[in-house]
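Since the structure comes first, as structure tokens, the remarks are kept for the end.
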Amino acid sequence: MIFEFPNFVPALAEIFVVTMACLVLLVDLFLSERNRVFTYLLAQATLLGAAVLTVSIHDNSTELTFSGSFIRDAMGDVLKVFIYLITAVVFLYSREYLLARKLFKGEFFVLGLFAVLGMMIMVSAHSLLTLYLGLELLSLSLYAMVALHRDSMSASEAAMKYFILGAIASGILLYGMSLLYGATGKLEIAAIAEIVGQSALDDLVLLLAVTFIVVGLAFKLGAVPFHMWIPDVYHGAPTPVTLFISAAPKIAAFAMLMRLLVEGLGELHMQWQDMLVILAALSIVLGNVVAIAQRNIKRMLAYSTIAHVGFLLLGILSGSVAGNSGAMFYVLVYALMTLGAFGMVLLLSRAGFEADAIEDFKGLNERSPWFAFVMLILMFSMAGVPPLVGFYAKLAVLRAVVDVGLVWLAVLAVLFSVVGAFYYLRIVKFMYFDKPEESAPISAAFDMRAVMSANGLLILGLGIYPSALMALCVTVLR
Amino acid sequence: MSIEPTIFYIFSAVLVGAAVAVVTVRNPVYAALFLVLAFFNSAALWLLLEAEFLALVLVLVYVGAVMVLFLFVVMMLDINLTPLREGFIRYMPVGLLVAVIMLLEIALVVGPENFGLQQIEPPPRQGPEYSNTAELGKVLYTVYAYPFEIAAVILLVAIVAAISLSLRRRPDSKYQNPAAQIAVRREERVRLVKMEAEKND
């Protein structure tokens, strides 16, 4: 048998992250409670180092290595850099919350780094095997992170629900993959795409495989009717973990959709388009309507996530380059917005006070006009008010949907965005027109304030100049 | 040659029966033991498919290690099963409907017309000198080295998660200090007491 020694250079960032995660695990063991901040700094250094490595090996070519199970391309590099950035901000936002609740443990950062590794593997997966293993690595780390706060009943319950439903979703996805393997006899995405392209479009085995894969993906994304776990997990998990789950893994999920549906099963586009239309329409309707009834901001943002997932699917289902790049733009912008929104919940919380009821935002303008303004930007952007970046994201996917002739779907999405604007604007009304129930000053550290401000300004800045990020998304997907 | 299908059907029937029993018996210990039976039968099916190494590993790892541990857990945790059974009748119609639909779909697709020997060539029969283990090892550490490494990382994460979720330092728990145990000197352990010899005359 001839074995070609793999080229390790495209996977340098992955190798670096796994090495550093093990190192952080070991170093943390020897640190006293007082020096635990060193673990945090090391985790941040890991993300920075990985970003440097990814950028330094980036070019517009596509490389395959590890016998075709690993792919490095421009899309993957961009998504990875965003994953590092978002995880670094999550760690930064989480630090004080964790310290105040005696949750500041090395495991949070180690599991976070392993989750990042799982996402990187998913982004760079070029075979069903690595895609699945990356997903499991990510999911397993997330289940443990949700359960990390062991004294909280709601966190344990959320972890249990997440674990069981996640396991079912993995099983369904795996069954779809096994059928796909059975039908094509290949594991590599490109080889599968080639064989699928030659076979009949109404091949029953392929159809069932696509169905199972779409259901598994919908479970993981949280699209209606497979969304049941999202509100409970977002609500029950400690806020920093909710922040992490809601932001970075959505980018990895987008990569999984691209690799499996667009690159692998692109020839069957007509078959999965209808399924995604149903998922997207239901998600946008249910997410926006049910969010209105929520009094807890974590639950409200969970339903808003479901609605945003619907918009993400709109871009993918159009099947065009414009749609895919619109979806990529949407997911990156969404990750930045949700980072700010949950970050604001963390900013307002302190020891013994969670700040997770929407009433806790009452009169924020009197307590801190600047952070009320930042939250205003975030809420307006999520609602899709121009000239903020959330508007351009929605515009990009809607344009792609109209281009493929699904005008009714675009109209439906716009109508329910207007419905959804209600609950975003309610927060704004609370902040600006109600009397504060809480008079304690905001006690967040300087770095958190600074990054939070930058987060808000980035949303504003990207809204004024969306073309740079949009052009990047189009270039890497061409 | 007709003995082989007969063996296959016997093992398959026992496998399906054991699998049904796993989810229907009331006693969780019996359920775990039925799962062991199911593993044994699937190992036998793999032996029929000439996957000797995988069959043995299935028995060694799942029956020998995982299920024994599982039995311990089931026996040690005193789970009250009555709340778990609540609502079983209420959810059964929906569950049954979904299960039947899934079964029909799968039966429609996974049959000889799609996966029969006409569609997919049977693998060539290998002689007795052919080593399954060596062949698996060759691809596992070359072509599939990358997934293999990821699986290793997943196991590491499982260990980290399990320890961080279950290890709880309690002030009243007693634990050993091996370094102090090794460094102990005779004087600290043994106290020689000089006693007057008793006179018994």
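The chains in the structure tokens are called A, B, ... from first to last as shown; in each chain the residues are counted from 1, and the ligands are counted from 1 in the order shown.
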Distance filter 7 Å, only C-alpha atoms, chain A against chain B, as a ChimeraX atom specification: /A:3,66-67,107,129-130,133,137,141,144,148,204-205
Contacts of Ala45 of chain A at 10 Å (only C-alpha atoms; same-chain gap of 6+ positions) as an NGL selection string: :A and (20 or 39 or 51 or 88)
Backbone DSSP call of helix (DSSP H, G or I) for segment 87-119 of chain B, listed as a PyMOL selection string: chain B and resi 88-109+112-115
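Going from atom CA of Ala13 of chain A to atom CA of Thr54 of chain A covers 5.9 Å.
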Nearby residues (only C-alpha atoms) at most 12 Å from Asn132 of chain B, same-chain spacing under 4 positions excluded, as a compact mmCIF listing (two decimals) with N, CA, C and O atoms, in the first residue's frame:
# COMPACT_ATOMS: atom_id res chain seq x y z
N LEU B 47 -18.91 -11.72 12.96
CA LEU B 47 -18.04 -12.87 12.68
C LEU B 47 -18.45 -13.51 11.36
O LEU B 47 -17.61 -13.90 10.56
N LEU B 49 -19.64 -12.01 8.92
CA LEU B 49 -19.19 -11.11 7.85
C LEU B 49 -17.67 -11.08 7.75
O LEU B 49 -17.12 -10.25 7.05
N GLU B 50 -17.00 -11.95 8.49
CA GLU B 50 -15.54 -12.07 8.50
C GLU B 50 -14.86 -10.85 9.07
O GLU B 50 -13.72 -10.54 8.71
N ALA B 51 -15.54 -10.13 9.94
CA ALA B 51 -14.89 -9.00 10.63
C ALA B 51 -14.53 -9.47 12.03
O ALA B 51 -15.13 -9.06 13.02
N GLU B 52 -13.54 -10.38 12.09
CA GLU B 52 -13.27 -11.05 13.37
C GLU B 52 -12.78 -10.06 14.42
O GLU B 52 -13.23 -10.10 15.57
N PHE B 53 -11.86 -9.17 14.02
CA PHE B 53 -11.28 -8.27 15.02
C PHE B 53 -12.37 -7.38 15.64
O PHE B 53 -12.47 -7.26 16.86
N LEU B 54 -13.22 -6.81 14.78
CA LEU B 54 -14.27 -5.92 15.29
C LEU B 54 -15.23 -6.68 16.19
O LEU B 54 -15.67 -6.17 17.22
N ALA B 55 -15.54 -7.92 15.83
CA ALA B 55 -16.45 -8.73 16.65
C ALA B 55 -15.86 -8.92 18.04
O ALA B 55 -16.55 -8.75 19.05
N LEU B 56 -14.56 -9.27 18.07
CA LEU B 56 -13.94 -9.51 19.38
C LEU B 56 -13.87 -8.22 20.19
O LEU B 56 -14.11 -8.22 21.40
N VAL B 57 -13.54 -7.10 19.50
CA VAL B 57 -13.46 -5.83 20.22
C VAL B 57 -14.82 -5.45 20.78
O VAL B 57 -14.93 -4.96 21.91
N GLN B 126 -11.51 -13.81 1.68
CA GLN B 126 -10.09 -13.89 1.99
C GLN B 126 -9.77 -15.22 2.63
O GLN B 126 -10.62 -15.83 3.28
N GLY B 127 -8.53 -15.65 2.44
CA GLY B 127 -8.10 -16.92 3.00
C GLY B 127 -7.82 -16.82 4.49
O GLY B 127 -7.95 -15.74 5.09
N PRO B 128 -7.43 -17.94 5.09
CA PRO B 128 -7.20 -17.94 6.55
C PRO B 128 -5.97 -17.12 6.96
O PRO B 128 -5.86 -16.72 8.11
N LEU B 136 -6.77 -3.37 9.37
CA LEU B 136 -7.38 -2.22 10.05
C LEU B 136 -6.30 -1.27 10.53
O LEU B 136 -6.41 -0.06 10.37
N GLY B 137 -5.27 -1.84 11.15
CA GLY B 137 -4.19 -1.01 11.67
C GLY B 137 -3.54 -0.19 10.59
O GLY B 137 -3.23 0.99 10.77
N LYS B 138 -3.38 -0.82 9.40
CA LYS B 138 -2.71 -0.12 8.30
C LYS B 138 -3.46 1.14 7.90
O LYS B 138 -2.87 2.19 7.68
N VAL B 139 -4.79 1.05 7.78
CA VAL B 139 -5.52 2.26 7.35
C VAL B 139 -5.79 3.20 8.52
O VAL B 139 -5.82 4.41 8.35
N LEU B 140 -5.95 2.63 9.71
CA LEU B 140 -6.30 3.48 10.85
C LEU B 140 -5.19 4.47 11.15
O LEU B 140 -5.45 5.62 11.49
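Near Leu378 of chain A, within 8 Å and counting only C-alpha atoms, sit Met337, Gly340, Ala341, Gly456 and Ile459 of chain A, not including residues fewer than 5 positions from it in the same chain.
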Segment 8-17 of chain B surroundings by only C-alpha atoms, 9 Å radius, close-in-sequence under 4 positions cut, as a ChimeraX atom specification: /B:3-4,21-22,37-42,44-45,48
Those residues with all heavy atoms, as a CSV table (one decimal), in the first residue's frame please?
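After the write, again39.csv holds the following:
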chain,number,residue,atom,x,y,z
B,3,ILE,N,-26.1,-23.4,5.4
B,3,ILE,CA,-26.0,-23.3,6.9
B,3,ILE,C,-25.8,-21.9,7.3
B,3,ILE,O,-26.4,-21.4,8.3
B,3,ILE,CB,-24.9,-24.2,7.4
B,3,ILE,CG1,-24.9,-24.2,8.9
B,3,ILE,CG2,-23.5,-23.8,6.9
B,3,ILE,CD1,-25.8,-25.2,9.5
B,4,GLU,N,-25.1,-21.1,6.4
B,4,GLU,CA,-24.8,-19.7,6.8
B,4,GLU,C,-26.0,-18.8,6.9
B,4,GLU,O,-26.2,-18.1,8.0
B,4,GLU,CB,-23.8,-19.1,5.8
B,4,GLU,CG,-22.9,-18.1,6.4
B,4,GLU,CD,-21.8,-17.7,5.4
B,4,GLU,OE1,-20.9,-18.6,5.1
B,4,GLU,OE2,-21.8,-16.6,5.0
B,21,ALA,N,-36.5,-6.4,24.1
B,21,ALA,CA,-36.6,-6.6,25.6
B,21,ALA,C,-35.9,-5.5,26.3
B,21,ALA,O,-36.3,-5.1,27.4
B,21,ALA,CB,-36.0,-8.0,25.9
B,22,VAL,N,-34.8,-4.9,25.8
B,22,VAL,CA,-34.1,-3.9,26.5
B,22,VAL,C,-35.0,-2.7,26.8
B,22,VAL,O,-35.0,-2.2,27.9
B,22,VAL,CB,-32.9,-3.4,25.6
B,22,VAL,CG1,-32.3,-2.1,26.2
B,22,VAL,CG2,-31.9,-4.4,25.4
B,37,LEU,N,-26.8,-9.3,25.7
B,37,LEU,CA,-27.1,-10.4,24.8
B,37,LEU,C,-27.2,-9.8,23.4
B,37,LEU,O,-26.7,-10.5,22.4
B,37,LEU,CB,-28.5,-10.9,25.2
B,37,LEU,CG,-29.0,-12.1,24.4
B,37,LEU,CD1,-28.1,-13.3,24.5
B,37,LEU,CD2,-30.4,-12.5,24.7
B,38,ALA,N,-27.7,-8.6,23.2
B,38,ALA,CA,-27.8,-8.0,21.9
B,38,ALA,C,-26.4,-7.8,21.4
B,38,ALA,O,-26.1,-8.1,20.2
B,38,ALA,CB,-28.5,-6.7,22.0
B,39,PHE,N,-25.5,-7.3,22.2
B,39,PHE,CA,-24.1,-7.1,21.8
B,39,PHE,C,-23.4,-8.4,21.3
B,39,PHE,O,-22.8,-8.5,20.3
B,39,PHE,CB,-23.2,-6.5,22.9
B,39,PHE,CG,-23.5,-5.0,23.0
B,39,PHE,CD1,-23.6,-4.5,24.3
B,39,PHE,CD2,-23.5,-4.2,21.9
B,39,PHE,CE1,-23.8,-3.1,24.4
B,39,PHE,CE2,-23.7,-2.9,22.1
B,39,PHE,CZ,-23.9,-2.3,23.3
B,40,PHE,N,-23.7,-9.5,22.1
B,40,PHE,CA,-23.1,-10.8,21.7
B,40,PHE,C,-23.6,-11.2,20.4
B,40,PHE,O,-22.8,-11.7,19.5
B,40,PHE,CB,-23.5,-11.9,22.8
B,40,PHE,CG,-22.4,-12.1,23.8
B,40,PHE,CD1,-22.6,-11.7,25.1
B,40,PHE,CD2,-21.2,-12.6,23.4
B,40,PHE,CE1,-21.6,-11.9,26.0
B,40,PHE,CE2,-20.2,-12.8,24.3
B,40,PHE,CZ,-20.4,-12.5,25.6
B,41,ASN,N,-24.9,-11.0,20.1
B,41,ASN,CA,-25.5,-11.5,18.8
B,41,ASN,C,-25.0,-10.7,17.7
B,41,ASN,O,-24.7,-11.2,16.6
B,41,ASN,CB,-27.0,-11.5,18.9
B,41,ASN,CG,-27.5,-12.7,19.6
B,41,ASN,OD1,-27.5,-13.8,19.1
B,41,ASN,ND2,-27.9,-12.5,20.9
B,42,SER,N,-24.8,-9.4,17.9
B,42,SER,CA,-24.3,-8.6,16.8
B,42,SER,C,-22.8,-8.9,16.5
B,42,SER,O,-22.3,-8.9,15.4
B,42,SER,CB,-24.4,-7.1,17.0
B,42,SER,OG,-24.5,-6.7,18.3
B,44,ALA,N,-21.7,-11.9,16.8
B,44,ALA,CA,-21.7,-13.1,16.0
B,44,ALA,C,-22.0,-12.8,14.6
B,44,ALA,O,-21.4,-13.4,13.7
B,44,ALA,CB,-22.8,-14.0,16.6
B,45,LEU,N,-22.9,-11.8,14.3
B,45,LEU,CA,-23.2,-11.4,12.9
B,45,LEU,C,-21.9,-10.9,12.3
B,45,LEU,O,-21.6,-11.1,11.1
B,45,LEU,CB,-24.3,-10.4,12.9
B,45,LEU,CG,-25.7,-10.8,13.3
B,45,LEU,CD1,-26.7,-9.7,13.1
B,45,LEU,CD2,-26.1,-12.0,12.5
B,48,LEU,N,-19.8,-13.6,11.1
B,48,LEU,CA,-20.2,-14.2,9.9
B,48,LEU,C,-19.8,-13.3,8.7
B,48,LEU,O,-19.5,-13.8,7.6
B,48,LEU,CB,-21.8,-14.2,9.9
B,48,LEU,CG,-22.4,-15.4,10.6
B,48,LEU,CD1,-23.9,-15.2,10.4
B,48,LEU,CD2,-22.0,-16.7,10.0
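Residues surrounding segment 259-270 of chain A within 6 Å are A:Ile189, A:Ala193, A:Gly197 [only C-alpha atoms; sequence separation below 5 positions excluded].
Distance-wise, atom CA of Phe361 of chain A and atom CA of Pro436 of chain A end up 7.9 Å apart.
For Arg36 of chain A, the non-local neighbours within 9 Å, defined as residues at least 6 positions apart in the same chain or in other chains and counting only C-alpha atoms, are Asp28, Phe104, Lys105 and Gly106 of chain A.
Minimum atom-to-atom distances from A:Ala115, A:Met382, A:Leu477, A:Ala191 to Leu336 of chain A were compared using only C-alpha atoms, and the lowest value belongs to A:Met382.
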Which of segment 12-205 of chain A DSSP labels strand (DSSP E), written as number ranges by chain: A: 63-65, 70-72
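Each of A:Leu348, A:Met160, A:Met75, A:Met122 was checked against Val474 of chain A using only C-alpha atoms; the smallest atom-to-atom distance is that of A:Met75.
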Å distance separating atom CA of Asp447 of chain A from atom CA of Tyr93 of chain A, one decimal place: 8.8 Å
